[in-house]
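Shown next: target_6.pdb, given as PDB, C-alpha atoms.
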```pdb
ATOM      1  CA  MET A   1     -17.712   3.293  -3.326  1.00  0.00           C
ATOM      2  CA  LEU A   2     -20.143   0.505  -4.032  1.00  0.00           C
ATOM      3  CA  ARG A   3     -23.726   1.463  -3.416  1.00  0.00           C
ATOM      4  CA  SER A   4     -27.003  -0.322  -3.931  1.00  0.00           C
ATOM      5  CA  LEU A   5     -30.501   1.025  -3.673  1.00  0.00           C
ATOM      6  CA  VAL A   6     -32.546  -0.691  -0.964  1.00  0.00           C
ATOM      7  CA  GLY A   7     -36.007   0.769  -0.660  1.00  0.00           C
ATOM      8  CA  SER A   8     -35.498   4.498  -0.456  1.00  0.00           C
ATOM      9  CA  GLU A   9     -32.137   4.269   1.335  1.00  0.00           C
ATOM     10  CA  MET A  10     -28.665   4.101  -0.107  1.00  0.00           C
ATOM     11  CA  CYS A  11     -26.544   1.363   1.474  1.00  0.00           C
ATOM     12  CA  ILE A  12     -22.765   1.305   1.436  1.00  0.00           C
ATOM     13  CA  ARG A  13     -21.284  -2.131   0.858  1.00  0.00           C
ATOM     14  CA  ASP A  14     -18.334  -2.938   3.066  1.00  0.00           C
ATOM     15  CA  ARG A  15     -14.853  -2.768   1.526  1.00  0.00           C
ATOM     16  CA  SER A  16     -13.108  -4.151   4.595  1.00  0.00           C
ATOM     17  CA  TYR A  17     -12.847  -7.528   2.859  1.00  0.00           C
ATOM     18  CA  MET A  18     -10.377  -5.874   0.473  1.00  0.00           C
ATOM     19  CA  LEU A  19      -8.042  -4.897   3.333  1.00  0.00           C
ATOM     20  CA  PRO A  20      -5.859  -7.451   5.154  1.00  0.00           C
ATOM     21  CA  HIS A  21      -7.510  -8.713   8.358  1.00  0.00           C
ATOM     22  CA  LEU A  22      -5.623  -9.657  11.501  1.00  0.00           C
ATOM     23  CA  ASN A  23      -7.685 -12.328  13.251  1.00  0.00           C
ATOM     24  CA  SER A  24      -5.681 -12.924  16.435  1.00  0.00           C
ATOM     25  CA  GLY A  25      -3.668 -11.029  18.996  1.00  0.00           C
ATOM     26  CA  TRP A  26      -0.567 -12.840  17.790  1.00  0.00           C
ATOM     27  CA  ALA A  27      -1.193 -11.668  14.200  1.00  0.00           C
ATOM     28  CA  VAL A  28      -1.551  -8.058  15.384  1.00  0.00           C
ATOM     29  CA  ASP A  29       1.689  -8.310  17.363  1.00  0.00           C
ATOM     30  CA  GLN A  30       3.504  -9.842  14.379  1.00  0.00           C
ATOM     31  CA  ALA A  31       2.271  -7.117  12.029  1.00  0.00           C
ATOM     32  CA  ILE A  32       3.575  -4.452  14.418  1.00  0.00           C
ATOM     33  CA  LEU A  33       6.851  -6.262  15.155  1.00  0.00           C
ATOM     34  CA  SER A  34       7.749  -7.352  11.632  1.00  0.00           C
ATOM     35  CA  GLU A  35       7.442  -4.020   9.845  1.00  0.00           C
ATOM     36  CA  GLU A  36      10.796  -2.245   9.986  1.00  0.00           C
ATOM     37  CA  SER A  37      10.516   0.548   7.444  1.00  0.00           C
ATOM     38  CA  ARG A  38       6.829   1.478   7.198  1.00  0.00           C
ATOM     39  CA  VAL A  39       4.139   2.770   9.529  1.00  0.00           C
ATOM     40  CA  VAL A  40       1.604   0.141  10.539  1.00  0.00           C
ATOM     41  CA  VAL A  41      -1.920   1.574  10.399  1.00  0.00           C
ATOM     42  CA  LEU A  42      -4.440  -0.476  12.385  1.00  0.00           C
ATOM     43  CA  ARG A  43      -8.183   0.087  12.099  1.00  0.00           C
ATOM     44  CA  PHE A  44      -9.922  -1.399  15.120  1.00  0.00           C
ATOM     45  CA  GLY A  45     -13.689  -1.866  15.070  1.00  0.00           C
ATOM     46  CA  HIS A  46     -16.407  -4.074  13.604  1.00  0.00           C
ATOM     47  CA  ASP A  47     -16.705  -4.828   9.903  1.00  0.00           C
ATOM     48  CA  TRP A  48     -20.485  -4.374  10.085  1.00  0.00           C
ATOM     49  CA  ASP A  49     -20.357  -0.922  11.716  1.00  0.00           C
ATOM     50  CA  VAL A  50     -21.282   1.981   9.409  1.00  0.00           C
ATOM     51  CA  ASP A  51     -18.427   4.197  10.653  1.00  0.00           C
ATOM     52  CA  CYS A  52     -15.951   1.362  10.085  1.00  0.00           C
ATOM     53  CA  MET A  53     -17.330   0.857   6.598  1.00  0.00           C
ATOM     54  CA  LYS A  54     -16.759   4.534   5.836  1.00  0.00           C
ATOM     55  CA  MET A  55     -13.221   4.412   7.197  1.00  0.00           C
ATOM     56  CA  ASP A  56     -12.489   1.129   5.392  1.00  0.00           C
ATOM     57  CA  GLU A  57     -13.628   2.702   2.136  1.00  0.00           C
ATOM     58  CA  VAL A  58     -11.157   5.574   2.613  1.00  0.00           C
ATOM     59  CA  LEU A  59      -8.361   3.214   3.698  1.00  0.00           C
ATOM     60  CA  TYR A  60      -9.003   0.992   0.681  1.00  0.00           C
ATOM     61  CA  ARG A  61      -8.858   3.931  -1.730  1.00  0.00           C
ATOM     62  CA  LEU A  62      -5.586   5.257  -0.330  1.00  0.00           C
ATOM     63  CA  ALA A  63      -3.838   1.925   0.372  1.00  0.00           C
ATOM     64  CA  ASP A  64      -2.076   1.861  -2.972  1.00  0.00           C
ATOM     65  CA  ARG A  65      -0.927   5.479  -2.655  1.00  0.00           C
ATOM     66  CA  VAL A  66       0.692   4.949   0.772  1.00  0.00           C
ATOM     67  CA  LYS A  67       2.100   1.458   0.217  1.00  0.00           C
ATOM     68  CA  ASN A  68       5.701   2.753   0.155  1.00  0.00           C
ATOM     69  CA  PHE A  69       5.541   4.159   3.683  1.00  0.00           C
ATOM     70  CA  ALA A  70       2.527   2.503   5.369  1.00  0.00           C
ATOM     71  CA  SER A  71       0.874  -0.881   5.683  1.00  0.00           C
ATOM     72  CA  ILE A  72      -2.820  -0.965   6.543  1.00  0.00           C
ATOM     73  CA  TYR A  73      -4.593  -3.693   8.514  1.00  0.00           C
ATOM     74  CA  VAL A  74      -8.098  -4.218   9.858  1.00  0.00           C
ATOM     75  CA  VAL A  75      -8.772  -5.748  13.296  1.00  0.00           C
ATOM     76  CA  ASP A  76     -12.273  -6.783  14.390  1.00  0.00           C
ATOM     77  CA  THR A  77     -12.518  -6.018  18.104  1.00  0.00           C
ATOM     78  CA  SER A  78     -15.078  -8.809  18.621  1.00  0.00           C
ATOM     79  CA  LEU A  79     -12.763 -11.467  17.215  1.00  0.00           C
ATOM     80  CA  VAL A  80      -9.626  -9.981  18.783  1.00  0.00           C
ATOM     81  CA  PRO A  81     -10.591  -8.463  22.159  1.00  0.00           C
ATOM     82  CA  ASP A  82      -6.978  -8.644  23.437  1.00  0.00           C
ATOM     83  CA  PHE A  83      -6.325  -4.924  22.880  1.00  0.00           C
ATOM     84  CA  ASN A  84      -9.728  -3.467  23.862  1.00  0.00           C
ATOM     85  CA  THR A  85      -8.700  -2.586  27.416  1.00  0.00           C
ATOM     86  CA  MET A  86      -5.041  -1.838  26.701  1.00  0.00           C
ATOM     87  CA  TYR A  87      -5.822   0.741  23.988  1.00  0.00           C
ATOM     88  CA  GLU A  88      -9.271   1.739  25.312  1.00  0.00           C
ATOM     89  CA  LEU A  89     -11.055   0.644  22.141  1.00  0.00           C
ATOM     90  CA  TYR A  90     -14.590   1.705  23.043  1.00  0.00           C
ATOM     91  CA  ASP A  91     -15.410   3.800  19.974  1.00  0.00           C
ATOM     92  CA  PRO A  92     -17.077   2.360  16.855  1.00  0.00           C
ATOM     93  CA  VAL A  93     -13.944   3.004  14.785  1.00  0.00           C
ATOM     94  CA  THR A  94     -10.381   3.536  15.975  1.00  0.00           C
ATOM     95  CA  VAL A  95      -7.239   4.064  13.905  1.00  0.00           C
ATOM     96  CA  MET A  96      -3.816   3.765  15.520  1.00  0.00           C
ATOM     97  CA  PHE A  97      -0.270   4.071  14.191  1.00  0.00           C
ATOM     98  CA  PHE A  98       2.839   2.036  15.011  1.00  0.00           C
ATOM     99  CA  TYR A  99       6.418   2.304  13.812  1.00  0.00           C
ATOM    100  CA  ARG A 100       9.146  -0.203  14.695  1.00  0.00           C
ATOM    101  CA  ASN A 101       7.081  -1.700  17.506  1.00  0.00           C
ATOM    102  CA  LYS A 102       6.311   1.698  19.018  1.00  0.00           C
ATOM    103  CA  HIS A 103       2.901   3.333  19.279  1.00  0.00           C
ATOM    104  CA  ILE A 104       3.080   6.725  17.563  1.00  0.00           C
ATOM    105  CA  MET A 105       0.750   9.307  19.034  1.00  0.00           C
ATOM    106  CA  ILE A 106      -0.650  12.206  17.036  1.00  0.00           C
ATOM    107  CA  ASP A 107      -1.877  15.556  18.335  1.00  0.00           C
ATOM    108  CA  LEU A 108      -5.085  16.238  16.418  1.00  0.00           C
ATOM    109  CA  GLY A 109      -6.283  19.046  18.662  1.00  0.00           C
ATOM    110  CA  THR A 110      -8.965  16.785  20.175  1.00  0.00           C
ATOM    111  CA  GLY A 111      -7.228  16.020  23.461  1.00  0.00           C
ATOM    112  CA  ASN A 112      -6.877  12.323  22.620  1.00  0.00           C
ATOM    113  CA  ASN A 113      -3.398  11.859  21.192  1.00  0.00           C
ATOM    114  CA  ASN A 114      -3.485   8.047  21.130  1.00  0.00           C
ATOM    115  CA  LYS A 115      -5.841   7.412  18.239  1.00  0.00           C
ATOM    116  CA  ILE A 116      -8.278   8.680  15.635  1.00  0.00           C
ATOM    117  CA  ASN A 117     -11.821   7.714  16.616  1.00  0.00           C
ATOM    118  CA  TRP A 118     -13.989   9.050  13.788  1.00  0.00           C
ATOM    119  CA  PRO A 119     -14.263   8.128  10.106  1.00  0.00           C
ATOM    120  CA  PHE A 120     -12.619  10.317   7.481  1.00  0.00           C
ATOM    121  CA  ASN A 121     -14.350  11.368   4.278  1.00  0.00           C
ATOM    122  CA  ASP A 122     -11.336  12.884   2.540  1.00  0.00           C
ATOM    123  CA  ASP A 123      -8.569  10.577   1.317  1.00  0.00           C
ATOM    124  CA  GLN A 124      -5.968  13.336   1.154  1.00  0.00           C
ATOM    125  CA  GLU A 125      -6.473  14.351   4.797  1.00  0.00           C
ATOM    126  CA  LEU A 126      -5.732  10.825   5.961  1.00  0.00           C
ATOM    127  CA  ILE A 127      -2.776  10.506   3.582  1.00  0.00           C
ATOM    128  CA  ASP A 128      -1.364  13.735   5.052  1.00  0.00           C
ATOM    129  CA  ILE A 129      -1.772  12.353   8.575  1.00  0.00           C
ATOM    130  CA  ILE A 130      -0.125   9.019   7.714  1.00  0.00           C
ATOM    131  CA  GLU A 131       2.738  10.836   5.985  1.00  0.00           C
ATOM    132  CA  THR A 132       3.181  13.139   8.997  1.00  0.00           C
ATOM    133  CA  VAL A 133       3.263  10.114  11.310  1.00  0.00           C
ATOM    134  CA  TYR A 134       5.820   8.407   9.060  1.00  0.00           C
ATOM    135  CA  ARG A 135       8.121  11.438   8.839  1.00  0.00           C
ATOM    136  CA  GLY A 136       7.949  12.098  12.577  1.00  0.00           C
ATOM    137  CA  ALA A 137       8.401   8.448  13.560  1.00  0.00           C
ATOM    138  CA  LYS A 138      11.364   8.115  11.199  1.00  0.00           C
ATOM    139  CA  LYS A 139      13.010  10.976  13.110  1.00  0.00           C
ATOM    140  CA  GLY A 140      12.378   9.176  16.416  1.00  0.00           C
ATOM    141  CA  ARG A 141       9.419  11.213  17.585  1.00  0.00           C
ATOM    142  CA  GLY A 142       6.755   9.434  19.622  1.00  0.00           C
ATOM    143  CA  LEU A 143       4.263  12.301  19.263  1.00  0.00           C
ATOM    144  CA  VAL A 144       3.629  14.170  16.026  1.00  0.00           C
ATOM    145  CA  VAL A 145       1.385  17.147  15.331  1.00  0.00           C
ATOM    146  CA  SER A 146      -1.371  16.741  12.763  1.00  0.00           C
ATOM    147  CA  PRO A 147      -1.219  18.983   9.686  1.00  0.00           C
ATOM    148  CA  LYS A 148      -4.798  20.033  10.468  1.00  0.00           C
ATOM    149  CA  ASP A 149      -6.444  20.949  13.765  1.00  0.00           C
ATOM    150  CA  TYR A 150      -9.522  18.795  14.408  1.00  0.00           C
ATOM    151  CA  SER A 151     -10.680  20.507  17.584  1.00  0.00           C
ATOM    152  CA  THR A 152     -14.433  21.166  17.707  1.00  0.00           C
ATOM    153  CA  LYS A 153     -14.030  24.911  17.395  1.00  0.00           C
ATOM    154  CA  TYR A 154     -12.940  24.425  13.767  1.00  0.00           C
ATOM    155  CA  ARG A 155     -15.600  21.872  12.798  1.00  0.00           C
ATOM    156  CA  TYR A 156     -18.499  24.313  12.733  1.00  0.00           C
TER
END
```
How does the structure come out when it is put into structure tokens?
Amino acid sequence: MLRSLVGSEMCIRDRSYMLPHLNSGWAVDQAILSEESRVVVLRFGHDWDVDCMKMDEVLYRLADRVKNFASIYVVDTSLVPDFNTMYELYDPVTVMFFYRNKHIMIDLGTGNNNKINWPFNDDQELIDIIETVYRGAKKGRGLVVSPKDYSTKYRY
């Protein structure tokens, strides 16, 4: 993670520029439609948002390790508002999974099975989730169960 000291605060520099950006609704659709053998991981949000920067950092670090079964893209919801209402993209950061033009839902124990709406700190946790999505989607499942329960009762 790139960091620079500004005053007394540590600032995280954005790594989203290292991830492929989809800058139109058509590009998002093509990314989802054209991938036949891998999971498409889409991070929706704003490149300047701190939570997105954290998630982009994790996605950047794990991109090379999941390249055989997942492709990762970044979508700025200000530039591409086409999906904001359809996928209810109201959170600062949202990660969604698609396989062969189908939205793959994941039960994380949070009640929202459509997406992940918080940044991860641990690369391996997200790799495990992407791998679980891939294995379940490959078997034809539209809903997979996360390897870890993220309900609030286990966070504290």
Best match for closeness to Gly140 of chain A among A:Arg61, A:Arg38, A:Arg100, A:Arg43, counting all atoms listed in the file: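 Nearest to Gly140 of chain A: A:Arg100.
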Residue members of the PyMOL selection byres ((chain A and resi 75-82) around 10) in the file shown, as a ChimeraX atom specification: /A:16,20-28,42-48,52,73-74,83-87,89-90,92-95
Expected selection from the PyMOL selection byres ((chain A and resi 119) around 8), given as number ranges by chain: A: 51-52, 54-55, 93, 117-118, 120-121
Selection near His103 of chain A, 8 Å with all atoms listed in the file, sequence-local residues under 6 positions removed, as a list in words: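 Final neighbour list, sorted by chain and number: Met96, Phe97 and Gly142 of chain A.
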Specify as a CSV table (one decimal) with C-alpha atoms, in the frame of the given file each residue included when the PyMOL selection byres ((chain A and resi 104) around 10) is applied to this file.
```csv
chain,number,residue,atom,x,y,z
A,39,VAL,CA,4.1,2.8,9.5
A,40,VAL,CA,1.6,0.1,10.5
A,96,MET,CA,-3.8,3.8,15.5
A,97,PHE,CA,-0.3,4.1,14.2
A,98,PHE,CA,2.8,2.0,15.0
A,99,TYR,CA,6.4,2.3,13.8
A,100,ARG,CA,9.1,-0.2,14.7
A,101,ASN,CA,7.1,-1.7,17.5
A,102,LYS,CA,6.3,1.7,19.0
A,103,HIS,CA,2.9,3.3,19.3
A,105,MET,CA,0.8,9.3,19.0
A,106,ILE,CA,-0.6,12.2,17.0
A,113,ASN,CA,-3.4,11.9,21.2
A,114,ASN,CA,-3.5,8.0,21.1
A,115,LYS,CA,-5.8,7.4,18.2
A,133,VAL,CA,3.3,10.1,11.3
A,134,TYR,CA,5.8,8.4,9.1
A,136,GLY,CA,7.9,12.1,12.6
A,137,ALA,CA,8.4,8.4,13.6
A,140,GLY,CA,12.4,9.2,16.4
A,141,ARG,CA,9.4,11.2,17.6
A,142,GLY,CA,6.8,9.4,19.6
A,143,LEU,CA,4.3,12.3,19.3
A,144,VAL,CA,3.6,14.2,16.0
```
Å distance separating atom CA of Ile72 of chain A from atom CA of Asp128 of chain A, one decimal place: 14.8 Å
Separation of atom CA of Gln124 of chain A from atom CA of Lys148 of chain A in Å: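 Atom CA of Lys148 of chain A sits 11.5 Å away from atom CA of Gln124 of chain A.
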A:Ser37, A:Arg135, A:Glu88, A:Ser146 ranked by distance to Asp107 of chain A, top pick (using all atoms listed in the file):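 Result for the nearest residue to Asp107 of chain A: A:Ser146.
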Selected residue of minimal separation from Val66 of chain A among A:Asp91, A:Asp29, A:Thr132, A:Lys139, counting only C-alpha atoms: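 Answer, going by the shortest atom-to-atom distance: A:Thr132.
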From A:Val145, A:Leu126, A:Leu33, A:Leu108, residue lying nearest Leu59 of chain A [all atoms listed in the file]: A:Leu126
